Amino acid sequence: MIKIAIASGKGGTGKTFVATNIFHSLVKNQIDAVLVDCDAEAPNAVAFFKTKLTRVIEVTQLVPVIDTRACTFCGKCYEYCNYNAIFILPPMKIINLIEDLCHGCGACTIACRYGAITEKHVSLGVVNFYSNNGKPSLVEAQMNIGVMSPVPVIKAAIKQINDLTGTVILDSPPGTSCPFIQTVAPADYVILVTEPTPFGLSDLQQSIATLRKINKPCGVIINRAGIGNNDVYDWLQENNIPLLMEIPFKKEIAGIYSVGELVSATDLIFAKRLSSVVEKIIQNGNSSHQRERRNREIEY
Amino acid sequence: MEIAVISGKGGTGKSSISAAFATLNEGVVVADCDVDAANLYLLFNPIHEEEIVYIGGNKAVINYGLCTGCGICESYCRFDAISVINSRMVISGITCDGCFLCSHICPENAIKMVQNDKSRMYSGSFRNGKMVYGRLSPGAENSGKLVNMVREKAKGVAKENSLETIIIDGPPGIGCPVISTITGVDKVVIVTEPTISGLHDMQRTVEIVQKFSLPAFVIVNKYDLNSDMSDQIEDWCRQNRITIAGLLPFDKQMVEAMIMGKSIMEFNSDNEISKKIKIIWNKITNQKK
């Protein structure tokens with residue numbers, strides 16, 4: 001299996017557009033592929049496919065339940081909690097959990113020596129499985145509204161596809177903080193989608209700095225080529241970052257996308273260009289694996 | 001008065017519209033709370049007057065001189081951050097949530113917590129007032145906390161300088177940094193675009209705004225890229241009693257202004273968008289609670 005994440009620092013550069021069209025092009029070319037929508041705060045990929053919901057897994061987190069009769073108000077749990085999720089006023093014999101702040105780490109349960117803390121599950125969101133012919137083709141992470149972090153739901157969705165074969169496309173959330181990192185960390189390669197504007201460049205630089213920190217190979221697709229200026233191109237060249245493809249700015253493309261349709265379904269040349277981007281990544285990935293293997297054999 | 005500009009979906013034009021609002025009238029405070037991907041400083045070139053270190057969480061680090069490889073930490077970690085690689089306990093800095101539990105339970109005291117202190121908050125002046133913004137170090141966490149810090153600072157700066165209006169450019173999504181951005185503000189402006197994703201994400205954003213009982217205004221940006229979808233968005237808002245503050249057309253001048261380091265207001269105040277933004281601003285600020 002090879003995992004390719006489609007990401008971008010800046011939102012709205014066309015991540016989901018690229019991810020859905022790549023997935024569609026691969027499937028059309030008979031390549032075994034699965035699309036995982038990891039943008040759990042705002043998942044949209046499913047809207048582009050006629051597909052059936054076949055399975056739903058609930059993602060939960062443990063939160064403490066404090067038995068105030070057994071509690072001695074010693075404050076040990078408060079001391080262990082690094083998220084300020086426990087509110088305690090010992091003289092008043094008041095102890096409360098602020099559930100929104102709890103990360104479910106279990107430290108308070110370990111801290112309590114009086115057996116006053118047990119745990120219960122609370123729902124964070126769901127992982128939805130969609131398929132056309134028995135095999136899951138689309139996996140969607142969806143966080144509940146009001147939940148603080150999408151990370152546990154993203155992790156759960158990626159865990160589900162670990163035993164699959166073929167090509168996995170991960171549609172990443174925007175930004176460069178934890179939700180983005182959780183999505184790109186398990187990927188073998190990251191395709192960053194940007195636009196040739198100052199905002200696009202600034203966010204691209206930040207995403208690439210993050211990817212370099214965790215040693216992820218990456219390349220860039222410039223979307224809406226034609227608007228803006230040449231700064232993104234110059235910067236990519238100066239920093240030896242591969243430009244994988246350009247998608248021109250056209251009102252027709254925006255129109256097709258806006259109604260939930262795929263450009264790759266009608267524009268065969270576009271579909272071919274997209275799938276060849278992925279095929280090249282897969283080939284390079286395989287050859288570098290082989291090189292590694294060969295090197296290792298030599299060492300032995 | 002604090003006005004937050006947000007959008008479920010990224011790239012709808014939130015920052016460009018925030019920039020236009022910030023250059024409409026004299027003397028405002030701009031708070032860039034999109035700390036993952038702060039952009040407004042590119043347009044406003046603020047002069048830094050203060051730099052504040054932000055501690056973005058902790059990471060567990062093993063002292064291998066003390067570690068006996070007993071594996072207790074691995075069995076307790078709920079974030080799957082600890083594993084055995086080549087018969088050595090290894091903590092993944094990426095997955096570690098910084099909860100401190102392993103450092104408490106390690107019988108050898110071999111785990112220390114290390115602070116991430118690479119993130120910064122800046123406060124300064126720009127040509128139309130004051131500006132506060134956060135820059136999260138790549139891969140750092142807890143952006144909600146940094147958002148809170150930026151907002152607190154912005155409020156302080158507004159008070160010191162007797163400036164009344166604070167314009168907050170928020171992050172995309174509906175998670176913790178967004179909740180931190182809108183909690184307690186006076187008005188929320190949701191910028192969307194006429195696409196299926198735009199509609200879908202706006203609905204989720206409205207839900208979160210309503211959860212906090214805040215007055216919400218919707219702007220449909222680039223509405224003419226798909227008028228049917230734009231109508232659908234308007235219908236949905238009407239049915240759900242959300243005020244449509246206005247519709248803005250697609251115009252390449254928005255990008256040209258950005259390249260020149262200006263807001264659309266400064267770039268061309270006669271542009272249709274500039275005129276509409278003025279009307280939208282009045283509509284938002286004049287509506288009584």
# chains A, B, ... in the order shown; residues from 1 in each chain; ligands from 1
$ interface_residues --of "chain A" --to "chain B" --cutoff "8 Å" --atoms "only C-alpha atoms" --output "ChimeraX atom specification"
/A:9-13,41-42,44,47,80-83,104-107,145-150,174-178,181-182,185,197-199,202-203,206-207,209-210,227-229,251,254-255,257-260
$ write_last_selection --atoms "C-alpha atoms" --output "PDB file, in the first residue's frame"
ATOM      1  CA  GLY A   9      -1.479  25.267   4.499  1.00  0.00           C
ATOM      2  CA  LYS A  10      -3.983  27.725   3.133  1.00  0.00           C
ATOM      3  CA  GLY A  11      -7.584  26.632   2.963  1.00  0.00           C
ATOM      4  CA  GLY A  12      -9.572  26.686  -0.247  1.00  0.00           C
ATOM      5  CA  THR A  13      -6.661  26.176  -2.618  1.00  0.00           C
ATOM      6  CA  GLU A  41     -14.150  19.493  10.745  1.00  0.00           C
ATOM      7  CA  ALA A  42     -15.558  20.021   7.269  1.00  0.00           C
ATOM      8  CA  ASN A  44     -16.925  17.265   1.703  1.00  0.00           C
ATOM      9  CA  ALA A  47     -20.630  14.917  -2.124  1.00  0.00           C
ATOM     10  CA  TYR A  80      -2.051  15.443  37.396  1.00  0.00           C
ATOM     11  CA  CYS A  81      -4.400  17.037  34.876  1.00  0.00           C
ATOM     12  CA  ASN A  82      -2.368  19.060  32.391  1.00  0.00           C
ATOM     13  CA  TYR A  83      -5.441  20.342  30.545  1.00  0.00           C
ATOM     14  CA  GLY A 104      -9.082  11.551  27.964  1.00  0.00           C
ATOM     15  CA  CYS A 105      -5.472  10.795  28.908  1.00  0.00           C
ATOM     16  CA  GLY A 106      -6.452   8.893  32.058  1.00  0.00           C
ATOM     17  CA  ALA A 107      -3.949  10.660  34.326  1.00  0.00           C
ATOM     18  CA  ILE A 145     -20.085  19.842  16.205  1.00  0.00           C
ATOM     19  CA  GLY A 146     -18.803  21.390  19.421  1.00  0.00           C
ATOM     20  CA  VAL A 147     -15.937  18.903  19.864  1.00  0.00           C
ATOM     21  CA  MET A 148     -12.596  20.675  20.309  1.00  0.00           C
ATOM     22  CA  SER A 149     -10.154  18.585  18.300  1.00  0.00           C
ATOM     23  CA  PRO A 150     -10.629  16.513  15.144  1.00  0.00           C
ATOM     24  CA  PRO A 174      -5.986  22.849   6.151  1.00  0.00           C
ATOM     25  CA  GLY A 175      -3.423  24.505   8.404  1.00  0.00           C
ATOM     26  CA  THR A 176      -0.084  23.265   9.698  1.00  0.00           C
ATOM     27  CA  SER A 177      -0.955  22.244  13.258  1.00  0.00           C
ATOM     28  CA  CYS A 178      -2.014  18.923  14.801  1.00  0.00           C
ATOM     29  CA  ILE A 181       0.368  16.609  11.059  1.00  0.00           C
ATOM     30  CA  GLN A 182      -1.787  13.618  12.038  1.00  0.00           C
ATOM     31  CA  ALA A 185       2.561  11.690   9.315  1.00  0.00           C
ATOM     32  CA  THR A 197      -0.763  34.432  -4.694  1.00  0.00           C
ATOM     33  CA  PRO A 198       1.130  35.978  -1.743  1.00  0.00           C
ATOM     34  CA  PHE A 199      -1.190  34.248   0.756  1.00  0.00           C
ATOM     35  CA  SER A 202       3.271  32.232   2.621  1.00  0.00           C
ATOM     36  CA  ASP A 203       1.163  29.254   3.696  1.00  0.00           C
ATOM     37  CA  GLN A 206       4.962  27.143   6.368  1.00  0.00           C
ATOM     38  CA  SER A 207       3.609  23.731   5.281  1.00  0.00           C
ATOM     39  CA  ALA A 209       8.831  23.829   6.788  1.00  0.00           C
ATOM     40  CA  THR A 210       6.595  21.463   8.776  1.00  0.00           C
ATOM     41  CA  ILE A 227      -4.102  34.493 -11.364  1.00  0.00           C
ATOM     42  CA  GLY A 228      -1.537  36.168  -9.124  1.00  0.00           C
ATOM     43  CA  ASN A 229       2.177  36.311  -9.889  1.00  0.00           C
ATOM     44  CA  LYS A 251     -14.432  29.739 -14.678  1.00  0.00           C
ATOM     45  CA  ALA A 254     -14.944  26.450 -10.823  1.00  0.00           C
ATOM     46  CA  GLY A 255     -18.482  25.966 -12.159  1.00  0.00           C
ATOM     47  CA  TYR A 257     -16.684  21.884  -8.972  1.00  0.00           C
ATOM     48  CA  SER A 258     -19.279  24.187  -7.419  1.00  0.00           C
ATOM     49  CA  VAL A 259     -22.145  21.814  -8.237  1.00  0.00           C
ATOM     50  CA  GLY A 260     -20.350  18.756  -6.910  1.00  0.00           C
TER      51      GLY A 260
END
$ residues_around --residues "Val168 (chain A)" --least-positions-apart "4" --cutoff "8 Å" --atoms "only C-alpha atoms" --output "list in words"
Met1, Ile2, Lys3, Ile4, Ala33, Val34, Leu35 and Val36 of chain A
$ write_last_selection --atoms "N, CA and C atoms" --output "PDB file, in the first residue's frame"
ATOM      1  N   MET A   1       0.835  -1.205   0.000  1.00  0.00           N
ATOM      2  CA  MET A   1       0.000   0.000   0.000  1.00  0.00           C
ATOM      3  C   MET A   1       0.869   1.255   0.000  1.00  0.00           C
ATOM      4  N   ILE A   2       0.422   2.240  -0.751  1.00  0.00           N
ATOM      5  CA  ILE A   2       1.093   3.535  -0.690  1.00  0.00           C
ATOM      6  C   ILE A   2       0.062   4.585  -0.278  1.00  0.00           C
ATOM      7  N   LYS A   3       0.460   5.442   0.652  1.00  0.00           N
ATOM      8  CA  LYS A   3      -0.464   6.487   1.117  1.00  0.00           C
ATOM      9  C   LYS A   3       0.038   7.843   0.613  1.00  0.00           C
ATOM     10  N   ILE A   4      -0.839   8.550  -0.075  1.00  0.00           N
ATOM     11  CA  ILE A   4      -0.490   9.880  -0.566  1.00  0.00           C
ATOM     12  C   ILE A   4      -1.456  10.886   0.057  1.00  0.00           C
ATOM     13  N   ALA A  33      -7.862   1.910  -5.526  1.00  0.00           N
ATOM     14  CA  ALA A  33      -7.639   3.117  -4.714  1.00  0.00           C
ATOM     15  C   ALA A  33      -8.749   3.328  -3.691  1.00  0.00           C
ATOM     16  N   VAL A  34      -8.380   3.970  -2.587  1.00  0.00           N
ATOM     17  CA  VAL A  34      -9.336   4.345  -1.541  1.00  0.00           C
ATOM     18  C   VAL A  34      -9.107   5.814  -1.217  1.00  0.00           C
ATOM     19  N   LEU A  35     -10.189   6.560  -1.048  1.00  0.00           N
ATOM     20  CA  LEU A  35     -10.074   7.968  -0.671  1.00  0.00           C
ATOM     21  C   LEU A  35     -10.500   8.121   0.796  1.00  0.00           C
ATOM     22  N   VAL A  36      -9.647   8.734   1.600  1.00  0.00           N
ATOM     23  CA  VAL A  36      -9.994   8.970   3.007  1.00  0.00           C
ATOM     24  C   VAL A  36     -10.107  10.477   3.230  1.00  0.00           C
TER      25      VAL A  36
END
$ residues_around --residues "Ala70 (chain A)" --least-positions-apart "4" --cutoff "12 Å" --atoms "only C-alpha atoms" --output "number ranges by chain"
A: 65-66, 74, 93, 95, 112-118
$ select_by_dssp --residues "region 80-114 of chain A" --states "helix (DSSP H, G or I)" --output "PyMOL selection string"
chain A and resi 80+90-92+99-101+107-111
$ write_last_selection --atoms "N, CA and C atoms" --output "PDB file, in the first residue's frame"
ATOM      1  N   TYR A  80      -2.457  16.273  38.538  1.00  0.00           N
ATOM      2  CA  TYR A  80      -2.051  15.443  37.396  1.00  0.00           C
ATOM      3  C   TYR A  80      -2.620  15.949  36.077  1.00  0.00           C
ATOM      4  N   PRO A  90     -11.378  22.579  47.542  1.00  0.00           N
ATOM      5  CA  PRO A  90     -11.429  21.641  48.677  1.00  0.00           C
ATOM      6  C   PRO A  90     -12.223  22.155  49.882  1.00  0.00           C
ATOM      7  N   PRO A  91     -12.023  23.407  50.339  1.00  0.00           N
ATOM      8  CA  PRO A  91     -12.774  23.821  51.536  1.00  0.00           C
ATOM      9  C   PRO A  91     -14.290  23.760  51.352  1.00  0.00           C
ATOM     10  N   MET A  92     -14.733  24.003  50.107  1.00  0.00           N
ATOM     11  CA  MET A  92     -16.177  23.978  49.831  1.00  0.00           C
ATOM     12  C   MET A  92     -16.659  22.578  49.459  1.00  0.00           C
ATOM     13  N   GLU A  99     -15.701  19.016  30.833  1.00  0.00           N
ATOM     14  CA  GLU A  99     -15.548  17.950  29.847  1.00  0.00           C
ATOM     15  C   GLU A  99     -14.900  18.430  28.552  1.00  0.00           C
ATOM     16  N   ASP A 100     -15.200  19.686  28.154  1.00  0.00           N
ATOM     17  CA  ASP A 100     -14.657  20.212  26.903  1.00  0.00           C
ATOM     18  C   ASP A 100     -13.130  20.283  26.907  1.00  0.00           C
ATOM     19  N   LEU A 101     -12.552  20.405  28.087  1.00  0.00           N
ATOM     20  CA  LEU A 101     -11.094  20.540  28.160  1.00  0.00           C
ATOM     21  C   LEU A 101     -10.383  19.197  28.287  1.00  0.00           C
ATOM     22  N   ALA A 107      -4.875  10.337  33.227  1.00  0.00           N
ATOM     23  CA  ALA A 107      -3.949  10.660  34.326  1.00  0.00           C
ATOM     24  C   ALA A 107      -4.676  10.812  35.663  1.00  0.00           C
ATOM     25  N   CYS A 108      -5.863  11.424  35.653  1.00  0.00           N
ATOM     26  CA  CYS A 108      -6.582  11.638  36.917  1.00  0.00           C
ATOM     27  C   CYS A 108      -6.992  10.305  37.547  1.00  0.00           C
ATOM     28  N   THR A 109      -7.372   9.354  36.695  1.00  0.00           N
ATOM     29  CA  THR A 109      -7.790   8.040  37.197  1.00  0.00           C
ATOM     30  C   THR A 109      -6.615   7.356  37.900  1.00  0.00           C
ATOM     31  N   ILE A 110      -5.427   7.509  37.313  1.00  0.00           N
ATOM     32  CA  ILE A 110      -4.230   6.923  37.911  1.00  0.00           C
ATOM     33  C   ILE A 110      -3.890   7.674  39.218  1.00  0.00           C
ATOM     34  N   ALA A 111      -4.095   8.988  39.183  1.00  0.00           N
ATOM     35  CA  ALA A 111      -3.715   9.807  40.334  1.00  0.00           C
ATOM     36  C   ALA A 111      -4.565   9.498  41.573  1.00  0.00           C
TER      37      ALA A 111
END
$ residues_around --residues "region 232-239 of chain A" --least-positions-apart "6" --cutoff "8 Å" --atoms "only C-alpha atoms" --output "list in words"
Pro196, Thr197, Gly200 and Leu201 of chain A
$ write_last_selection --atoms "C-alpha atoms" --output "mmCIF file, in the first residue's frame"
data_model
loop_
_atom_site.group_PDB
_atom_site.id
_atom_site.type_symbol
_atom_site.label_atom_id
_atom_site.label_comp_id
_atom_site.auth_asym_id
_atom_site.auth_seq_id
_atom_site.Cartn_x
_atom_site.Cartn_y
_atom_site.Cartn_z
ATOM 1 C CA PRO A 196 0.090 31.580 -7.084
ATOM 2 C CA THR A 197 -0.763 34.432 -4.694
ATOM 3 C CA GLY A 200 -0.744 30.956 -1.098
ATOM 4 C CA LEU A 201 3.056 31.252 -1.044
#
$ residues_around --residues "Gly14 (chain A)" --least-positions-apart "4" --cutoff "9 Å" --atoms "only C-alpha atoms" --output "list in words"
Ser8, Val18, Ala19, Val193, Thr194, Glu195, Asn223 and Arg224 of chain A; Gly11 of chain B
$ write_last_selection --atoms "N, CA and C atoms" --output "short mmCIF file (atom, residue, chain, number, x, y, z; two decimals), in the first residue's frame"
data_model
loop_
_atom_site.label_atom_id
_atom_site.label_comp_id
_atom_site.auth_asym_id
_atom_site.auth_seq_id
_atom_site.Cartn_x
_atom_site.Cartn_y
_atom_site.Cartn_z
N SER A 8 -2.57 21.34 2.13
CA SER A 8 -2.23 22.72 1.81
C SER A 8 -2.30 23.50 3.11
N VAL A 18 -8.53 18.44 -5.94
CA VAL A 18 -7.46 17.57 -6.43
C VAL A 18 -7.66 16.14 -5.93
N ALA A 19 -7.97 15.99 -4.63
CA ALA A 19 -8.10 14.65 -4.05
C ALA A 19 -9.22 13.86 -4.73
N VAL A 193 -1.20 21.48 -2.40
CA VAL A 193 -1.92 22.25 -3.41
C VAL A 193 -1.87 23.72 -2.99
N THR A 194 -1.42 24.58 -3.91
CA THR A 194 -1.35 25.99 -3.56
C THR A 194 -1.89 26.83 -4.70
N GLU A 195 -1.96 28.13 -4.50
CA GLU A 195 -2.33 29.02 -5.59
C GLU A 195 -1.25 30.11 -5.69
N ASN A 223 -2.67 25.35 -8.33
CA ASN A 223 -4.04 25.46 -8.82
C ASN A 223 -4.32 26.93 -9.16
N ARG A 224 -5.28 27.16 -10.02
CA ARG A 224 -5.64 28.52 -10.45
C ARG A 224 -4.45 29.24 -11.06
N GLY B 11 -10.24 29.48 2.20
CA GLY B 11 -10.09 30.08 0.88
C GLY B 11 -11.32 30.75 0.32
#
$ residues_around --residues "region 58-61 of chain A" --least-positions-apart "4" --cutoff "10 Å" --atoms "only C-alpha atoms" --output "tab-separated table (two decimals) with N, CA and C atoms, in the first residue's frame"
chain	number	residue	atom	x	y	z
A	102	CYS	N	-11.15	18.14	28.63
A	102	CYS	CA	-10.54	16.83	28.89
A	102	CYS	C	-10.08	16.18	27.59
A	103	HIS	N	-8.84	15.66	27.59
A	103	HIS	CA	-8.31	14.95	26.42
A	103	HIS	C	-8.40	13.43	26.60
A	104	GLY	N	-8.92	12.98	27.75
A	104	GLY	CA	-9.08	11.55	27.96
A	104	GLY	C	-7.78	10.80	28.15
A	105	CYS	N	-6.79	11.43	28.77
A	105	CYS	CA	-5.47	10.79	28.91
A	105	CYS	C	-5.45	9.75	30.02
A	119	GLU	N	-14.42	5.88	34.61
A	119	GLU	CA	-14.46	6.57	33.32
A	119	GLU	C	-15.65	6.13	32.49
A	120	LYS	N	-16.11	7.04	31.64
A	120	LYS	CA	-17.18	6.69	30.70
A	120	LYS	C	-16.80	7.18	29.29
A	121	HIS	N	-17.46	6.59	28.30
A	121	HIS	CA	-17.19	7.00	26.91
A	121	HIS	C	-18.07	8.18	26.52
A	122	VAL	N	-17.49	9.15	25.82
A	122	VAL	CA	-18.32	10.19	25.19
A	122	VAL	C	-17.99	10.21	23.70
A	123	SER	N	-18.99	10.55	22.90
A	123	SER	CA	-18.81	10.50	21.45
A	123	SER	C	-18.06	11.72	20.94
A	124	LEU	N	-17.14	11.51	20.02
A	124	LEU	CA	-16.39	12.61	19.39
A	124	LEU	C	-16.77	12.79	17.94
A	125	GLY	N	-17.26	11.70	17.34
A	125	GLY	CA	-17.59	11.77	15.92
A	125	GLY	C	-17.72	10.37	15.36
A	126	VAL	N	-17.70	10.27	14.04
A	126	VAL	CA	-17.88	8.97	13.40
A	126	VAL	C	-16.88	8.80	12.26
A	127	VAL	N	-16.65	7.54	11.92
A	127	VAL	CA	-15.95	7.22	10.68
A	127	VAL	C	-16.98	6.53	9.80
A	128	ASN	N	-17.26	7.12	8.64
A	128	ASN	CA	-18.26	6.57	7.72
A	128	ASN	C	-17.56	5.83	6.58
A	141	ALA	N	-13.94	10.85	7.86
A	141	ALA	CA	-13.88	11.19	9.27
A	141	ALA	C	-14.79	12.39	9.49
A	142	GLN	N	-15.69	12.30	10.45
A	142	GLN	CA	-16.56	13.44	10.72
A	142	GLN	C	-16.64	13.70	12.22
A	143	MET	N	-16.18	14.88	12.59
A	143	MET	CA	-16.18	15.26	14.00
A	143	MET	C	-17.56	15.81	14.38
A	144	ASN	N	-18.00	15.55	15.61
A	144	ASN	CA	-19.25	16.16	16.08
A	144	ASN	C	-19.07	17.66	16.25
A	152	PRO	N	-8.58	12.80	17.21
A	152	PRO	CA	-8.94	11.40	17.46
A	152	PRO	C	-9.77	10.78	16.34
A	153	VAL	N	-10.64	11.56	15.72
A	153	VAL	CA	-11.48	11.02	14.63
A	153	VAL	C	-10.61	10.77	13.39
A	154	ILE	N	-9.67	11.66	13.12
A	154	ILE	CA	-8.76	11.48	11.99
A	154	ILE	C	-7.92	10.21	12.19
A	155	LYS	N	-7.37	10.07	13.40
A	155	LYS	CA	-6.55	8.88	13.70
A	155	LYS	C	-7.37	7.60	13.51
A	156	ALA	N	-8.62	7.62	13.99
A	156	ALA	CA	-9.47	6.44	13.89
A	156	ALA	C	-9.72	6.08	12.43
A	157	ALA	N	-9.94	7.10	11.58
A	157	ALA	CA	-10.22	6.85	10.16
A	157	ALA	C	-9.00	6.24	9.49
B	78	ARG	N	-2.46	6.64	26.11
B	78	ARG	CA	-3.71	6.49	25.36
B	78	ARG	C	-3.63	7.11	23.97
$ closest_residue --among "B:Ser230, B:Glu108, B:Val90, B:Val132" --to "Thr68 (chain B)" --atoms "only C-alpha atoms"
B:Glu108
$ closest_atom_pairs --of "region 30-129 of chain B" --to "region 152-167 of chain B" --cutoff "9 Å" --atoms "only C-alpha atoms" --output "Markdown table"
| residue | atom | partner | partner_atom | distance |
| --- | --- | --- | --- | --- |
| B:Val30 | CA | B:Ile167 | CA | 4.9 |
| B:Ala31 | CA | B:Ile167 | CA | 6.1 |
| B:Asp32 | CA | B:Ile167 | CA | 8.3 |
| B:Ser123 | CA | B:Lys153 | CA | 7.9 |
| B:Gly129 | CA | B:Leu163 | CA | 8.4 |
$ write_last_selection --atoms "C-alpha atoms" --output "PDB file, in the first residue's frame"
ATOM      1  CA  VAL B  30      -6.756  43.863  13.786  1.00  0.00           C
ATOM      2  CA  ALA B  31      -6.349  40.477  15.467  1.00  0.00           C
ATOM      3  CA  ASP B  32      -5.151  37.748  13.086  1.00  0.00           C
ATOM      4  CA  SER B 123       1.854  43.151  18.653  1.00  0.00           C
ATOM      5  CA  GLY B 129      -4.211  51.253  13.630  1.00  0.00           C
TER       6      GLY B 129
END
$ residues_around --residues "Tyr122 (chain B)" --least-positions-apart "2" --cutoff "6 Å" --atoms "only C-alpha atoms" --output "short mmCIF file (atom, residue, chain, number, x, y, z; two decimals) with C-alpha atoms, in the first residue's frame"
data_model
loop_
_atom_site.label_atom_id
_atom_site.label_comp_id
_atom_site.auth_asym_id
_atom_site.auth_seq_id
_atom_site.Cartn_x
_atom_site.Cartn_y
_atom_site.Cartn_z
CA GLU B 50 6.33 43.57 21.24
CA GLU B 51 7.21 39.90 20.79
CA VAL B 132 -1.85 41.64 16.99
CA TYR B 133 -1.08 38.29 15.44
#
$ closest_residue --among "A:Gln283, A:Asn132, A:Ser137, A:Asn84" --to "Thr51 (chain A)" --atoms "only C-alpha atoms"
A:Asn132
$ closest_residue --among "A:Gln160, A:Asn29, A:Asn215, A:Thr266" --to "Arg55 (chain A)" --atoms "only C-alpha atoms"
A:Gln160
$ select_by_dssp --residues "region 24-121 of chain A" --states "strand (DSSP E or B)" --output "count of residues only"
33
$ closest_residue --among "B:Val188, B:Ile277, B:Val53, B:Val5" --to "Gly134 (chain B)" --atoms "only C-alpha atoms"
B:Val53
$ decode --residues "region 24-35 of chain B" --atoms "N, CA and C atoms" --output "mmCIF file, in the first residue's frame"
data_model
loop_
_atom_site.group_PDB
_atom_site.id
_atom_site.type_symbol
_atom_site.label_atom_id
_atom_site.label_comp_id
_atom_site.auth_asym_id
_atom_site.auth_seq_id
_atom_site.Cartn_x
_atom_site.Cartn_y
_atom_site.Cartn_z
ATOM 1 N N LEU B 24 -11.504 50.398 6.216
ATOM 2 C CA LEU B 24 -12.676 51.221 5.907
ATOM 3 C C LEU B 24 -12.652 52.537 6.661
ATOM 4 N N ASN B 25 -12.379 52.443 7.953
ATOM 5 C CA ASN B 25 -12.408 53.625 8.820
ATOM 6 C C ASN B 25 -11.072 53.765 9.526
ATOM 7 N N GLU B 26 -10.818 54.929 10.018
ATOM 8 C CA GLU B 26 -9.594 55.208 10.778
ATOM 9 C C GLU B 26 -9.571 54.409 12.072
ATOM 10 N N GLY B 27 -8.374 53.988 12.457
ATOM 11 C CA GLY B 27 -8.164 53.488 13.804
ATOM 12 C C GLY B 27 -8.919 52.242 14.215
ATOM 13 N N VAL B 28 -8.371 51.081 13.847
ATOM 14 C CA VAL B 28 -8.965 49.823 14.300
ATOM 15 C C VAL B 28 -7.849 48.951 14.877
ATOM 16 N N VAL B 29 -8.255 47.903 15.587
ATOM 17 C CA VAL B 29 -7.298 46.880 16.000
ATOM 18 C C VAL B 29 -7.611 45.634 15.182
ATOM 19 N N VAL B 30 -6.580 45.092 14.548
ATOM 20 C CA VAL B 30 -6.756 43.863 13.786
ATOM 21 C C VAL B 30 -6.121 42.726 14.578
ATOM 22 N N ALA B 31 -6.892 41.652 14.785
ATOM 23 C CA ALA B 31 -6.349 40.477 15.467
ATOM 24 C C ALA B 31 -6.371 39.320 14.477
ATOM 25 N N ASP B 32 -5.191 38.884 14.017
ATOM 26 C CA ASP B 32 -5.151 37.748 13.086
ATOM 27 C C ASP B 32 -5.087 36.472 13.908
ATOM 28 N N CYS B 33 -6.238 35.804 14.011
ATOM 29 C CA CYS B 33 -6.331 34.591 14.826
ATOM 30 C C CYS B 33 -6.206 33.318 14.004
ATOM 31 N N ASP B 34 -5.910 33.437 12.714
ATOM 32 C CA ASP B 34 -5.646 32.246 11.907
ATOM 33 C C ASP B 34 -4.181 31.891 12.131
ATOM 34 N N VAL B 35 -3.881 31.425 13.354
ATOM 35 C CA VAL B 35 -2.487 31.299 13.783
ATOM 36 C C VAL B 35 -1.720 30.192 13.060
#
